[in-house]
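Q: What follows is entry.txt, compact mmCIF, C-alpha atoms.
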# COMPACT_ATOMS: atom_id res chain seq x y z
CA MET A 29 25.95 -10.74 10.27
CA SER A 30 24.33 -9.71 6.98
CA LYS A 31 24.29 -6.06 5.91
CA PHE A 32 20.53 -6.50 5.57
CA ASP A 33 19.91 -7.55 9.20
CA GLU A 34 18.64 -4.15 10.34
CA ILE A 35 15.88 -4.04 7.72
CA ARG A 36 15.11 -7.59 6.59
CA SER A 37 12.10 -9.74 7.42
CA PHE A 38 12.56 -13.01 9.32
CA TYR A 39 14.31 -15.98 7.80
CA ASP A 40 12.09 -19.04 7.87
CA HIS A 41 14.14 -20.71 10.61
CA GLU A 42 13.42 -17.71 12.87
CA VAL A 43 9.66 -17.74 12.37
CA HIS A 44 8.56 -20.34 14.91
CA ASP A 45 10.39 -18.73 17.85
CA ALA A 46 9.33 -15.21 16.79
CA LEU A 47 5.70 -16.28 16.68
CA LYS A 48 6.04 -17.97 20.06
CA SER A 49 7.34 -14.70 21.55
CA ILE A 50 4.09 -12.87 20.72
CA GLU A 51 1.48 -15.64 20.61
CA ARG A 52 -0.06 -14.65 23.98
CA HIS A 53 0.23 -10.90 23.47
CA PRO A 54 -3.17 -9.17 23.96
CA MET A 55 -2.96 -7.70 20.44
CA MET A 56 -2.29 -11.13 18.92
CA LYS A 57 -5.27 -12.48 20.85
CA ALA A 58 -7.46 -9.66 19.49
CA LEU A 59 -6.15 -10.26 15.95
CA MET A 60 -6.85 -14.01 16.09
CA GLN A 61 -10.30 -13.50 17.66
CA PHE A 62 -11.10 -11.23 14.72
CA THR A 63 -9.65 -13.76 12.25
CA PHE A 64 -11.29 -16.87 13.73
CA PRO A 65 -14.36 -15.44 15.49
CA ASP A 66 -15.97 -18.79 16.27
CA SER A 67 -12.87 -20.47 17.70
CA GLU A 68 -11.36 -20.84 21.15
CA GLU A 69 -7.82 -19.70 21.94
CA ASP A 70 -6.52 -23.29 21.77
CA PHE A 71 -7.54 -23.47 18.10
CA TRP A 72 -5.05 -20.87 16.91
CA LEU A 73 -2.38 -21.67 19.51
CA ASN A 74 -2.36 -25.23 18.11
CA ARG A 75 -2.26 -23.81 14.60
CA PHE A 76 0.83 -21.79 15.54
CA LYS A 77 2.69 -24.99 16.51
CA ASN A 78 2.72 -26.06 12.85
CA ILE A 79 4.02 -22.73 11.53
CA HIS A 80 7.70 -22.87 10.58
CA SER A 81 7.95 -20.36 7.73
CA ILE A 82 6.55 -17.01 6.64
CA SER A 83 4.61 -18.85 3.94
CA ASP A 84 3.00 -21.08 6.61
CA PHE A 85 2.00 -18.02 8.63
CA GLN A 86 0.56 -16.21 5.61
CA HIS A 87 -1.38 -19.21 4.34
CA SER A 88 -2.58 -20.43 7.71
CA CYS A 89 -3.40 -17.14 9.46
CA ILE A 90 -2.86 -13.78 7.81
CA SER A 91 -4.65 -14.56 4.54
CA GLN A 92 -7.67 -15.46 6.71
CA THR A 93 -7.33 -12.14 8.55
CA VAL A 94 -7.39 -10.21 5.27
CA ARG A 95 -10.42 -12.21 4.05
CA GLN A 96 -12.21 -11.23 7.27
CA ILE A 97 -11.28 -7.57 6.73
CA VAL A 98 -12.69 -7.68 3.19
CA LYS A 99 -15.84 -9.46 4.40
CA GLN A 100 -16.53 -7.16 7.34
CA SER A 101 -15.44 -3.75 6.08
CA SER A 102 -16.13 -3.79 2.33
CA ASP A 103 -18.64 -4.76 -0.33
CA GLY A 104 -16.05 -6.94 -2.03
CA LEU A 105 -12.70 -6.97 -3.80
CA THR A 106 -12.38 -7.15 -7.59
CA THR A 107 -9.26 -7.35 -9.75
CA SER A 108 -8.07 -7.01 -13.32
CA GLY A 109 -4.77 -7.39 -15.18
CA PHE A 110 -3.27 -10.11 -12.97
CA ASP A 111 -3.92 -12.86 -15.50
CA GLN A 112 -1.16 -11.46 -17.71
CA LEU A 113 1.46 -12.15 -15.00
CA ASP A 114 3.65 -15.26 -14.94
CA LYS A 115 3.37 -17.57 -11.94
CA ASP A 116 7.13 -18.19 -11.71
CA THR A 117 8.34 -14.60 -12.20
CA ALA A 118 9.19 -12.16 -9.41
CA TYR A 119 7.86 -8.66 -10.02
CA LEU A 120 8.51 -5.26 -8.49
CA PHE A 121 5.01 -3.96 -7.80
CA ILE A 122 4.97 -0.16 -7.55
CA SER A 123 1.56 1.06 -6.42
CA ASN A 124 -0.33 4.15 -5.43
CA HIS A 125 -0.52 4.33 -1.64
CA ARG A 126 -3.80 4.99 0.15
CA ASP A 127 -3.74 2.78 3.22
CA ILE A 128 -0.86 1.87 5.57
CA VAL A 129 -1.65 -1.83 5.99
CA LEU A 130 -4.27 -2.74 3.43
CA ASP A 131 -2.62 -1.77 0.14
CA THR A 132 -0.02 -4.50 0.39
CA SER A 133 -2.24 -6.96 2.34
CA LEU A 134 -4.91 -6.94 -0.37
CA LEU A 135 -2.30 -7.30 -3.11
CA ASN A 136 -0.82 -10.34 -1.37
CA LEU A 137 -4.25 -11.93 -0.97
CA VAL A 138 -4.82 -11.52 -4.71
CA LEU A 139 -1.36 -12.96 -5.51
CA LEU A 140 -2.01 -15.92 -3.18
CA ASP A 141 -5.39 -16.69 -4.73
CA LYS A 142 -4.00 -16.44 -8.27
CA GLY A 143 -0.98 -18.64 -7.53
CA LEU A 144 1.51 -15.80 -8.13
CA ILE A 145 4.64 -15.07 -6.07
CA MET A 146 3.73 -13.07 -2.97
CA THR A 147 5.70 -9.99 -1.99
CA SER A 148 8.22 -8.73 0.46
CA SER A 149 6.84 -5.31 1.29
CA ALA A 150 8.36 -2.02 2.39
CA ILE A 151 7.08 -0.46 5.62
CA GLY A 152 8.28 2.66 7.43
CA ASP A 153 10.03 1.82 10.70
CA ASN A 154 8.00 4.63 12.31
CA LEU A 155 4.93 2.41 11.93
CA VAL A 156 6.36 -0.51 13.89
CA GLN A 157 7.80 1.12 16.99
CA LYS A 158 5.88 -1.24 19.27
CA THR A 159 7.67 -4.61 19.68
CA PHE A 160 4.55 -6.59 18.81
CA LEU A 161 4.01 -4.69 15.54
CA HIS A 162 7.70 -5.00 14.67
CA VAL A 163 7.63 -8.80 15.07
CA LEU A 164 4.29 -9.08 13.25
CA ALA A 165 5.60 -7.00 10.33
CA LYS A 166 8.70 -9.21 9.97
CA LEU A 167 6.47 -12.31 10.15
CA ASN A 168 4.56 -10.89 7.18
CA ARG A 169 7.69 -10.48 5.09
CA ASN A 170 7.87 -6.72 5.60
CA PHE A 171 11.24 -4.99 5.41
CA LEU A 172 11.93 -1.68 7.08
CA VAL A 173 12.34 1.70 5.43
CA GLN A 174 14.38 3.66 7.96
CA ARG A 175 13.06 7.14 8.70
CA GLU A 176 14.40 10.04 10.77
CA LEU A 177 18.01 9.61 9.61
CA SER A 178 20.67 12.22 8.94
CA ILE A 179 21.38 12.90 5.25
CA ARG A 180 24.52 10.79 5.38
CA GLU A 181 22.69 7.92 7.08
CA GLN A 182 19.84 8.22 4.57
CA LEU A 183 22.24 7.69 1.69
CA ASN A 184 23.68 4.55 3.23
CA SER A 185 20.22 3.28 4.22
CA SER A 186 18.91 3.83 0.67
CA LYS A 187 21.84 1.89 -0.80
CA VAL A 188 21.25 -1.04 1.57
CA MET A 189 17.53 -1.06 0.75
CA SER A 190 18.23 -0.87 -2.98
CA ASP A 191 20.61 -3.83 -2.76
CA TYR A 192 18.12 -5.74 -0.62
CA ILE A 193 15.25 -5.24 -3.10
CA TYR A 194 17.49 -6.27 -6.00
CA ASP A 195 18.67 -9.33 -4.04
CA LEU A 196 15.07 -10.36 -3.30
CA LEU A 197 14.02 -10.00 -6.94
CA ARG A 198 17.04 -11.51 -8.65
CA SER A 199 18.58 -13.98 -6.16
CA GLU A 200 15.54 -15.16 -4.24
CA ASN A 201 12.94 -14.80 -7.01
CA ARG A 202 10.76 -12.97 -4.49
CA SER A 203 8.32 -10.29 -5.63
CA VAL A 204 8.53 -6.91 -3.89
CA TRP A 205 5.90 -4.25 -3.14
CA ILE A 206 6.87 -0.63 -2.73
CA ALA A 207 4.73 2.50 -2.70
CA GLN A 208 5.26 5.07 -5.45
CA ARG A 209 5.90 7.69 -2.79
CA GLU A 210 6.85 8.06 0.87
CA GLY A 211 3.67 8.27 2.93
CA ARG A 212 0.11 7.87 1.74
CA THR A 213 -1.50 10.02 -0.92
CA LYS A 214 -3.82 12.32 1.00
CA ASP A 215 -5.21 14.55 -1.76
CA GLY A 216 -6.10 11.90 -4.36
CA ASN A 217 -3.20 12.90 -6.62
CA ASP A 218 -1.19 9.72 -7.16
CA ALA A 219 2.33 10.64 -8.26
CA THR A 220 5.61 8.71 -8.20
CA GLN A 221 8.41 10.35 -6.25
CA GLN A 222 11.57 10.32 -8.35
CA GLY A 223 13.49 9.68 -5.12
CA VAL A 224 11.93 6.20 -4.94
CA LEU A 225 13.25 5.37 -8.42
CA LYS A 226 16.66 6.90 -7.63
CA MET A 227 16.85 4.67 -4.55
CA LEU A 228 16.07 1.58 -6.66
CA ALA A 229 18.70 2.63 -9.23
CA MET A 230 21.47 2.61 -6.60
CA ALA A 231 21.81 -1.15 -7.15
CA ALA A 232 22.36 -0.72 -10.90
CA GLY A 233 26.15 -0.68 -10.71
CA ASN A 234 27.54 -0.13 -14.20
CA GLN A 235 24.40 -1.29 -16.02
CA PRO A 236 22.65 1.27 -18.23
CA LEU A 237 19.75 2.65 -16.18
CA THR A 238 16.92 1.52 -18.47
CA GLU A 239 18.44 -1.97 -18.84
CA PHE A 240 18.64 -2.22 -15.05
CA PHE A 241 15.00 -1.20 -14.65
CA LYS A 242 14.05 -3.87 -17.19
CA THR A 243 15.56 -6.55 -14.95
CA LEU A 244 13.24 -5.47 -12.09
CA ASN A 245 10.04 -6.45 -13.97
CA ILE A 246 8.18 -3.35 -12.77
CA VAL A 247 4.39 -3.68 -12.62
CA PRO A 248 2.40 -0.53 -11.73
CA ILE A 249 -0.54 -1.32 -9.42
CA SER A 250 -3.69 0.82 -9.18
CA ILE A 251 -5.60 0.46 -5.90
CA SER A 252 -9.05 2.08 -5.76
CA TYR A 253 -11.25 2.28 -2.65
CA GLU A 254 -14.84 3.49 -3.08
CA TYR A 255 -14.66 5.05 0.38
CA ASP A 256 -11.34 5.92 2.01
CA PRO A 257 -11.82 4.80 5.63
CA THR A 258 -9.19 7.31 6.76
CA ASP A 259 -10.48 10.26 4.69
CA ALA A 260 -11.34 12.46 7.70
CA LEU A 261 -8.11 11.51 9.48
CA LYS A 262 -6.08 12.81 6.54
CA MET A 263 -7.68 16.26 6.75
CA PRO A 264 -5.55 17.92 9.50
CA GLN A 265 -2.36 17.26 7.52
CA LEU A 266 -3.93 18.58 4.31
CA MET A 267 -5.19 21.68 6.10
CA ALA A 268 -1.74 22.39 7.56
CA LYS A 269 -0.24 22.03 4.09
CA SER A 270 -2.77 24.48 2.60
CA LYS A 271 -1.73 27.05 5.23
CA ASN A 272 2.02 26.35 4.78
CA GLU A 273 2.19 25.12 8.36
CA ILE A 274 4.37 22.30 9.68
CA TYR A 275 2.20 19.35 10.69
CA ILE A 276 3.19 17.43 13.82
CA LYS A 277 1.67 13.98 14.33
CA ASP A 278 0.19 12.80 17.61
CA ASP A 279 2.06 9.95 19.30
CA ASN A 280 -0.56 7.33 18.40
CA GLU A 281 -1.65 8.82 15.09
CA ASP A 282 -0.06 6.19 12.83
CA PHE A 283 -1.54 3.37 14.89
CA LYS A 284 -4.99 5.02 14.83
CA ASN A 285 -4.71 5.37 11.05
CA MET A 286 -3.75 1.70 10.74
CA LEU A 287 -6.77 0.55 12.74
CA SER A 288 -9.17 2.88 10.92
CA GLY A 289 -7.84 1.72 7.56
CA VAL A 290 -8.30 -1.92 8.46
CA LEU A 291 -11.68 -1.74 10.18
CA GLY A 292 -13.31 1.31 8.53
CA GLN A 293 -15.91 0.92 5.77
CA LYS A 294 -14.43 0.89 2.27
CA LYS A 295 -17.43 -0.29 0.20
CA ARG A 296 -15.99 -1.63 -3.07
CA ILE A 297 -12.25 -2.16 -3.69
CA HIS A 298 -10.49 -2.76 -7.00
CA LEU A 299 -6.88 -3.71 -7.77
CA HIS A 300 -5.46 -3.54 -11.27
CA ALA A 301 -2.07 -4.85 -12.36
CA GLY A 302 -0.63 -2.83 -15.23
CA LYS A 303 1.64 -4.20 -17.94
CA VAL A 304 5.29 -4.91 -17.15
CA LEU A 305 7.49 -1.95 -18.09
CA ASP A 306 9.52 -3.11 -21.08
CA THR A 307 9.46 -1.52 -24.55
CA GLU A 308 8.76 1.87 -22.94
CA LEU A 309 12.19 1.63 -21.29
CA ASP A 310 13.82 1.09 -24.71
CA GLU A 311 12.06 4.18 -26.01
CA ILE A 312 13.31 6.22 -23.04
CA ALA A 313 16.87 4.98 -23.63
CA SER A 314 16.75 6.00 -27.28
CA ALA A 315 15.23 9.42 -26.43
CA THR A 316 17.83 10.55 -23.89
CA GLU A 317 21.02 9.42 -22.17
CA ASN A 318 20.54 11.86 -19.30
CA LYS A 319 19.84 9.74 -16.19
CA ASN A 320 17.70 12.37 -14.45
CA LYS A 321 15.53 12.71 -17.56
CA GLN A 322 15.28 8.92 -17.79
CA ILE A 323 14.12 8.76 -14.15
CA GLN A 324 11.53 11.48 -14.85
CA ALA A 325 10.27 9.57 -17.88
CA ILE A 326 10.01 6.29 -15.97
CA ALA A 327 8.05 8.04 -13.19
CA LYS A 328 5.73 9.46 -15.84
CA ILE A 329 5.04 6.01 -17.32
CA ILE A 330 4.26 4.55 -13.89
CA ASP A 331 1.95 7.49 -13.10
CA SER A 332 0.21 7.17 -16.45
CA SER A 333 -0.47 3.46 -15.87
CA ILE A 334 -1.72 3.94 -12.30
CA ILE A 335 -4.05 6.81 -13.26
CA ARG A 336 -5.29 5.15 -16.45
CA ASN A 337 -6.15 1.91 -14.65
CA TYR A 338 -7.55 3.51 -11.49
CA LYS A 339 -11.18 2.47 -11.12
CA LEU A 340 -13.43 5.47 -10.60
CA TRP A 341 -16.39 4.91 -8.28
CA PRO A 342 -19.63 6.89 -7.92
CA THR A 343 -18.04 8.65 -4.91
CA ASN A 344 -15.36 10.14 -7.18
CA TYR A 345 -17.90 11.51 -9.69
CA ILE A 346 -20.20 12.80 -6.91
CA ALA A 347 -17.30 14.66 -5.28
CA PHE A 348 -16.33 16.21 -8.62
CA ASP A 349 -19.86 17.49 -9.22
CA LEU A 350 -20.25 18.78 -5.65
CA LEU A 351 -16.87 20.52 -5.80
CA ASN A 352 -17.64 22.21 -9.10
CA GLY A 353 -21.36 22.78 -8.57
CA SER A 354 -21.98 20.81 -11.77
CA ASP A 355 -24.06 17.91 -13.05
CA GLN A 356 -21.36 16.77 -15.48
CA TYR A 357 -21.21 13.20 -14.19
CA THR A 358 -24.77 12.58 -12.95
CA SER A 359 -25.09 9.58 -15.29
CA TYR A 360 -22.33 7.84 -13.28
CA TYR A 361 -24.18 7.76 -9.97
CA LYS A 362 -27.65 7.42 -8.45
CA GLU A 363 -29.33 10.08 -6.32
CA GLU A 364 -29.30 7.66 -3.39
CA GLU A 365 -25.50 7.30 -3.71
CA LYS A 366 -25.13 11.06 -3.72
CA GLN A 367 -27.23 11.41 -0.56
CA LEU A 368 -25.13 8.74 1.18
CA PHE A 369 -21.92 10.53 0.24
CA GLU A 370 -23.27 13.91 1.42
CA ARG A 371 -24.31 12.28 4.69
CA ARG A 372 -20.79 10.92 5.11
CA LEU A 373 -19.39 14.37 4.44
CA GLU A 374 -21.64 15.87 7.14
CA MET A 375 -20.73 13.23 9.70
CA ARG A 376 -16.97 13.27 9.18
CA ILE A 377 -16.05 16.94 8.83
CA ASP A 378 -17.24 20.39 9.82
CA GLY A 379 -19.08 21.47 6.67
CA SER A 380 -19.05 25.12 7.72
CA ASP A 381 -15.29 25.20 7.17
CA VAL A 382 -15.12 25.96 3.45
CA GLN A 383 -11.45 24.99 3.01
CA LEU A 384 -11.93 21.74 4.92
CA LYS A 385 -14.92 20.76 2.80
CA LYS A 386 -13.01 21.64 -0.37
CA SER A 387 -10.03 19.46 0.68
CA PHE A 388 -12.32 16.53 1.53
CA LEU A 389 -14.08 16.73 -1.84
CA GLU A 390 -10.80 17.16 -3.74
CA MET A 391 -9.47 13.94 -2.21
CA TYR A 392 -12.27 12.04 -3.99
CA ALA A 393 -12.53 14.29 -7.07
CA ASN A 394 -8.85 14.49 -8.07
CA PRO A 395 -8.72 10.94 -9.54
CA VAL A 396 -11.50 12.05 -11.94
CA VAL A 397 -9.59 15.23 -12.86
CA ASN A 398 -6.37 13.25 -13.41
CA LYS A 399 -8.00 10.50 -15.44
CA MET A 400 -10.04 12.81 -17.63
CA GLY A 401 -7.18 15.28 -18.03
If you took the structure in this file and wrote it as structure tokens, what would it be?

A:
Amino acid sequence: MSKFDEIRSFYDHEVHDALKSIERHPMMKALMQFTFPDSEEDFWLNRFKNIHSISDFQHSCISQTVRQIVKQSSDGLTTSGFDQLDKDTAYLFISNHRDIVLDTSLLNLVLLDKGLIMTSSAIGDNLVQKTFLHVLAKLNRNFLVQRELSIREQLNSSKVMSDYIYDLLRSENRSVWIAQREGRTKDGNDATQQGVLKMLAMAAGNQPLTEFFKTLNIVPISISYEYDPTDALKMPQLMAKSKNEIYIKDDNEDFKNMLSGVLGQKKRIHLHAGKVLDTELDEIASATENKNKQIQAIAKIIDSSIIRNYKLWPTNYIAFDLLNGSDQYTSYYKEEEKQLFERRLEMRIDGSDVQLKKSFLEMYANPVVNKMG
């Protein structure tokens, strides 16, 4: 038994039987009807017979699912920066985190279409409590981030995950996706948690920290949605935070967020791949030998790349102007776009609640503040 068994995705030899175990599940049926809307059940059941690896499953089914999501719930997906990446190199993609399922699904679709190495992706085990979702996640090369552990268990779990990520990158030449923070950004402020970098560094052994991070081929990813399909759903947690209250999730809240993120309207989407962290790490090494300061500096570089390359949409500029009662960015949007955004605001939240309205607008406006600041 491998030390990675509790968190790893399926090995290829396990895929066929795993798929067979869920192929007639009502949720699989719904997923495949969405993916292949003009086909009978036999069409995809026959397709499943020829799937014997994660790659088969991604190419044959899930990439088609993501294309359908883009087609039905957005006005298109654009990219930049990916042409600088090497087709044979495994990268550690560290991205801002806006949507539970889509962030990594869209990235993998882009990597597939550009002939780059697709990722193993981190997912919180709290999101895959249902057996079907757990199997589906492992079929999509997801590995589990264990939540709700004691401090001692957390330390051990972090070490195992760090070793697993390093093993994927260096031994298997498999790219990895990980969010820059635990949980999605809900206020539009994309910031890397130093704890994520400290977890990665646990696999460094005796290597100098910056040299170790060089071996990971870190690529910051900026994901920008014109409309956040879960914007209103993020409000209760933001409101609790503003009142210093503890927020307790509903039992099905994560699942509801997943569905809303997948099916809700996003309008335009853009993904940008930043440059591989390299010479910046040398500069950090020469500036300080203090590991905590090095971690802080690396987080700052990732943040800077993600914010700099974040694509601002009319919605972001409109929110900024509405929040500040200004016309500073009117040249960046049309009156019709502003009316549509205001209509969305009216429909999704109670506009008479001043704090709620402010939080909603800040979610869209903060990327402007961060980029211009």

Q: Work out how far apart atom CA of A:Thr220 and atom CA of A:Ser333 are and give it in Å to one decimal.

A: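 Taking atom CA of A:Thr220 and atom CA of A:Ser333, their separation equals 11.1 Å.
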
Q: What is the atom CA of A:His44-atom CA of A:Leu130 distance in Å, reported with one decimal?

A: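 We find that atom CA of A:His44 and atom CA of A:Leu130 lie 24.6 Å from each other.
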
Q: Of the candidates A:Ser30, A:Asn168, A:Ser91, A:Ser148, which shows the shortest atom-to-atom distance to A:Val43, using all atoms listed in the file?

A: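 Closest residue, counting all atoms listed in the file: A:Asn168.
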
Q: Would you please work out which residue, of A:Lys142, A:Phe241, A:Phe369, A:Gln293, is nearest to A:Thr307 when using all atoms listed in the file?

A: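 Among A:Lys142, A:Phe241, A:Phe369, A:Gln293, it is A:Phe241 that comes nearest to A:Thr307.
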
Q: Mind listing whatever residues come within 12 Å of the point (6.8, -6.5, 18.6)? Use all atoms listed in the file, file coordinates, and give them as a list in words.

A: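 Residues lying no farther than 12 Å from the given point: Ala46, Leu47, Lys48, Ser49, Ile50, Glu51, Arg52, His53, Pro54, Met55, Met56, Asp153, Leu155, Val156, Gln157, Lys158, Thr159, Phe160, Leu161, His162, Val163, Leu164, Ala165, Lys166 and Leu167 of chain A.
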
Q: I need the residue nearest A:Ile377 from this list: A:Ile82, A:Ile128, A:Leu59, A:Leu261. Use all atoms listed in the file for the distance.

A: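 Counting all atoms listed in the file, the residue closest to A:Ile377 is A:Leu261.
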
Q: Please provide the set of residues having any atom within 12 Å of A:Gly289, restricted to only C-alpha atoms, with same-chain residues fewer than 2 positions apart removed, written as a ChimeraX atom specification.

A: /A:97-98,101-102,126-131,133,212,253,255-262,282-287,291-294

Q: Only C-alpha atoms, please: the residues just picked out, written as an mmCIF file, keeping the file's coordinate frame.

A:
data_model
loop_
_atom_site.group_PDB
_atom_site.id
_atom_site.type_symbol
_atom_site.label_atom_id
_atom_site.label_comp_id
_atom_site.auth_asym_id
_atom_site.auth_seq_id
_atom_site.Cartn_x
_atom_site.Cartn_y
_atom_site.Cartn_z
ATOM 1 C CA ILE A 97 -11.280 -7.570 6.730
ATOM 2 C CA VAL A 98 -12.690 -7.680 3.190
ATOM 3 C CA SER A 101 -15.440 -3.750 6.080
ATOM 4 C CA SER A 102 -16.130 -3.790 2.330
ATOM 5 C CA ARG A 126 -3.800 4.990 0.150
ATOM 6 C CA ASP A 127 -3.740 2.780 3.220
ATOM 7 C CA ILE A 128 -0.860 1.870 5.570
ATOM 8 C CA VAL A 129 -1.650 -1.830 5.990
ATOM 9 C CA LEU A 130 -4.270 -2.740 3.430
ATOM 10 C CA ASP A 131 -2.620 -1.770 0.140
ATOM 11 C CA SER A 133 -2.240 -6.960 2.340
ATOM 12 C CA ARG A 212 0.110 7.870 1.740
ATOM 13 C CA TYR A 253 -11.250 2.280 -2.650
ATOM 14 C CA TYR A 255 -14.660 5.050 0.380
ATOM 15 C CA ASP A 256 -11.340 5.920 2.010
ATOM 16 C CA PRO A 257 -11.820 4.800 5.630
ATOM 17 C CA THR A 258 -9.190 7.310 6.760
ATOM 18 C CA ASP A 259 -10.480 10.260 4.690
ATOM 19 C CA ALA A 260 -11.340 12.460 7.700
ATOM 20 C CA LEU A 261 -8.110 11.510 9.480
ATOM 21 C CA LYS A 262 -6.080 12.810 6.540
ATOM 22 C CA ASP A 282 -0.060 6.190 12.830
ATOM 23 C CA PHE A 283 -1.540 3.370 14.890
ATOM 24 C CA LYS A 284 -4.990 5.020 14.830
ATOM 25 C CA ASN A 285 -4.710 5.370 11.050
ATOM 26 C CA MET A 286 -3.750 1.700 10.740
ATOM 27 C CA LEU A 287 -6.770 0.550 12.740
ATOM 28 C CA LEU A 291 -11.680 -1.740 10.180
ATOM 29 C CA GLY A 292 -13.310 1.310 8.530
ATOM 30 C CA GLN A 293 -15.910 0.920 5.770
ATOM 31 C CA LYS A 294 -14.430 0.890 2.270
#

Q: One decimal, in Å: what's the spacing between atom CA of A:Ile79 and atom CA of A:Arg169?

A: 14.3 Å

Q: So, counting only C-alpha atoms, which residue among A:Leu237, A:Leu305, A:Ile330, A:Val382 is closest to A:Gln208?

A: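 Closest residue, counting only C-alpha atoms: A:Ile330.
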
Q: Leaving out A:Glu317 and any residue of its chain fewer than 3 positions from it, which residues lie within 10 Å of it when counting only C-alpha atoms, given as a ChimeraX atom specification?

A: /A:236-238,312-314,320-322

Q: When you look at A:Arg36 with a cut-off of 8 Å (counting all atoms listed in the file), what residues show up, excluding the ones that are within fewer than 6 positions of it in the same chain? I need them as a PyMOL selection string.

A: chain A and resi 166+170-172

Q: With C-alpha atoms kept, could you save the residues just selected as a PDB file, in the frame of the given file?

A:
ATOM      1  CA  LYS A 166       8.700  -9.210   9.970  1.00  0.00           C
ATOM      2  CA  ASN A 170       7.870  -6.720   5.600  1.00  0.00           C
ATOM      3  CA  PHE A 171      11.240  -4.990   5.410  1.00  0.00           C
ATOM      4  CA  LEU A 172      11.930  -1.680   7.080  1.00  0.00           C
TER       5      LEU A 172
END

Q: Counting only C-alpha atoms, which of A:Ser252, A:Gln100, A:Thr316, A:Thr147 gets nearest to A:Arg296?

A: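 Smallest separation from A:Arg296 among the options: A:Ser252.
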
Q: Let me make sure I understand: among A:Ala393, A:Ala315, A:Lys31, A:Leu134, which one has the smallest atom-to-atom distance to A:Ile346 if we use all atoms listed in the file?

A: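 Between A:Ala393, A:Ala315, A:Lys31, A:Leu134, the residue approaching A:Ile346 most closely is A:Ala393.
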
Q: For the interface of stretch 202-259 of chain A with stretch 117-121 of chain A (cut-off 10 Å, counting only C-alpha atoms), please tabulate each contacting residue of stretch 202-259 of chain A alongside its nearest pair of atoms and their separation in Å to one decimal, rows sorted by chain and increasing number, as a Markdown table.

A:
| residue | atom | partner | partner_atom | distance |
| --- | --- | --- | --- | --- |
| A:Arg202 | CA | A:Ala118 | CA | 5.2 |
| A:Ser203 | CA | A:Ala118 | CA | 4.3 |
| A:Val204 | CA | A:Leu120 | CA | 4.9 |
| A:Trp205 | CA | A:Phe121 | CA | 4.8 |
| A:Ile206 | CA | A:Phe121 | CA | 6.3 |
| A:Ala207 | CA | A:Phe121 | CA | 8.2 |
| A:Gln208 | CA | A:Phe121 | CA | 9.3 |
| A:Phe241 | CA | A:Leu120 | CA | 9.8 |
| A:Thr243 | CA | A:Tyr119 | CA | 9.4 |
| A:Leu244 | CA | A:Leu120 | CA | 5.9 |
| A:Asn245 | CA | A:Tyr119 | CA | 5.0 |
| A:Ile246 | CA | A:Leu120 | CA | 4.7 |
| A:Val247 | CA | A:Phe121 | CA | 4.9 |
| A:Pro248 | CA | A:Phe121 | CA | 5.8 |
| A:Ile249 | CA | A:Phe121 | CA | 6.4 |

Q: Could those selected residues go to a file with C-alpha atoms, as a PDB file, in the frame of the given file?

A:
ATOM      1  CA  ARG A 202      10.760 -12.970  -4.490  1.00  0.00           C
ATOM      2  CA  SER A 203       8.320 -10.290  -5.630  1.00  0.00           C
ATOM      3  CA  VAL A 204       8.530  -6.910  -3.890  1.00  0.00           C
ATOM      4  CA  TRP A 205       5.900  -4.250  -3.140  1.00  0.00           C
ATOM      5  CA  ILE A 206       6.870  -0.630  -2.730  1.00  0.00           C
ATOM      6  CA  ALA A 207       4.730   2.500  -2.700  1.00  0.00           C
ATOM      7  CA  GLN A 208       5.260   5.070  -5.450  1.00  0.00           C
ATOM      8  CA  PHE A 241      15.000  -1.200 -14.650  1.00  0.00           C
ATOM      9  CA  THR A 243      15.560  -6.550 -14.950  1.00  0.00           C
ATOM     10  CA  LEU A 244      13.240  -5.470 -12.090  1.00  0.00           C
ATOM     11  CA  ASN A 245      10.040  -6.450 -13.970  1.00  0.00           C
ATOM     12  CA  ILE A 246       8.180  -3.350 -12.770  1.00  0.00           C
ATOM     13  CA  VAL A 247       4.390  -3.680 -12.620  1.00  0.00           C
ATOM     14  CA  PRO A 248       2.400  -0.530 -11.730  1.00  0.00           C
ATOM     15  CA  ILE A 249      -0.540  -1.320  -9.420  1.00  0.00           C
TER      16      ILE A 249
END

Q: Can you tell me which residues surround A:Glu239 at a distance of at most 9 Å, considering all atoms listed in the file, apart from same-chain residues fewer than 6 positions away, and format the answer as a tab-separated table (two decimals) with C-alpha atoms, keeping the file's coordinate frame?

A:
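Ended up saving to around01.tsv:
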chain	number	residue	atom	x	y	z
A	232	ALA	CA	22.36	-0.72	-10.90
A	309	LEU	CA	12.19	1.63	-21.29
A	310	ASP	CA	13.82	1.09	-24.71
A	313	ALA	CA	16.87	4.98	-23.63

Q: Please work out which residues fall within 10 Å of (-20.0, 9.1, -14.5), coordinates as given in the file, with all atoms listed in the file counting, and return them as an mmCIF file with C-alpha atoms, keeping the file's coordinate frame.

A:
data_model
loop_
_atom_site.group_PDB
_atom_site.id
_atom_site.type_symbol
_atom_site.label_atom_id
_atom_site.label_comp_id
_atom_site.auth_asym_id
_atom_site.auth_seq_id
_atom_site.Cartn_x
_atom_site.Cartn_y
_atom_site.Cartn_z
ATOM 1 C CA LEU A 340 -13.430 5.470 -10.600
ATOM 2 C CA TRP A 341 -16.390 4.910 -8.280
ATOM 3 C CA PRO A 342 -19.630 6.890 -7.920
ATOM 4 C CA THR A 343 -18.040 8.650 -4.910
ATOM 5 C CA ASN A 344 -15.360 10.140 -7.180
ATOM 6 C CA TYR A 345 -17.900 11.510 -9.690
ATOM 7 C CA ILE A 346 -20.200 12.800 -6.910
ATOM 8 C CA PHE A 348 -16.330 16.210 -8.620
ATOM 9 C CA ASP A 349 -19.860 17.490 -9.220
ATOM 10 C CA ASP A 355 -24.060 17.910 -13.050
ATOM 11 C CA GLN A 356 -21.360 16.770 -15.480
ATOM 12 C CA TYR A 357 -21.210 13.200 -14.190
ATOM 13 C CA THR A 358 -24.770 12.580 -12.950
ATOM 14 C CA SER A 359 -25.090 9.580 -15.290
ATOM 15 C CA TYR A 360 -22.330 7.840 -13.280
ATOM 16 C CA TYR A 361 -24.180 7.760 -9.970
ATOM 17 C CA LYS A 362 -27.650 7.420 -8.450
ATOM 18 C CA VAL A 396 -11.500 12.050 -11.940
#
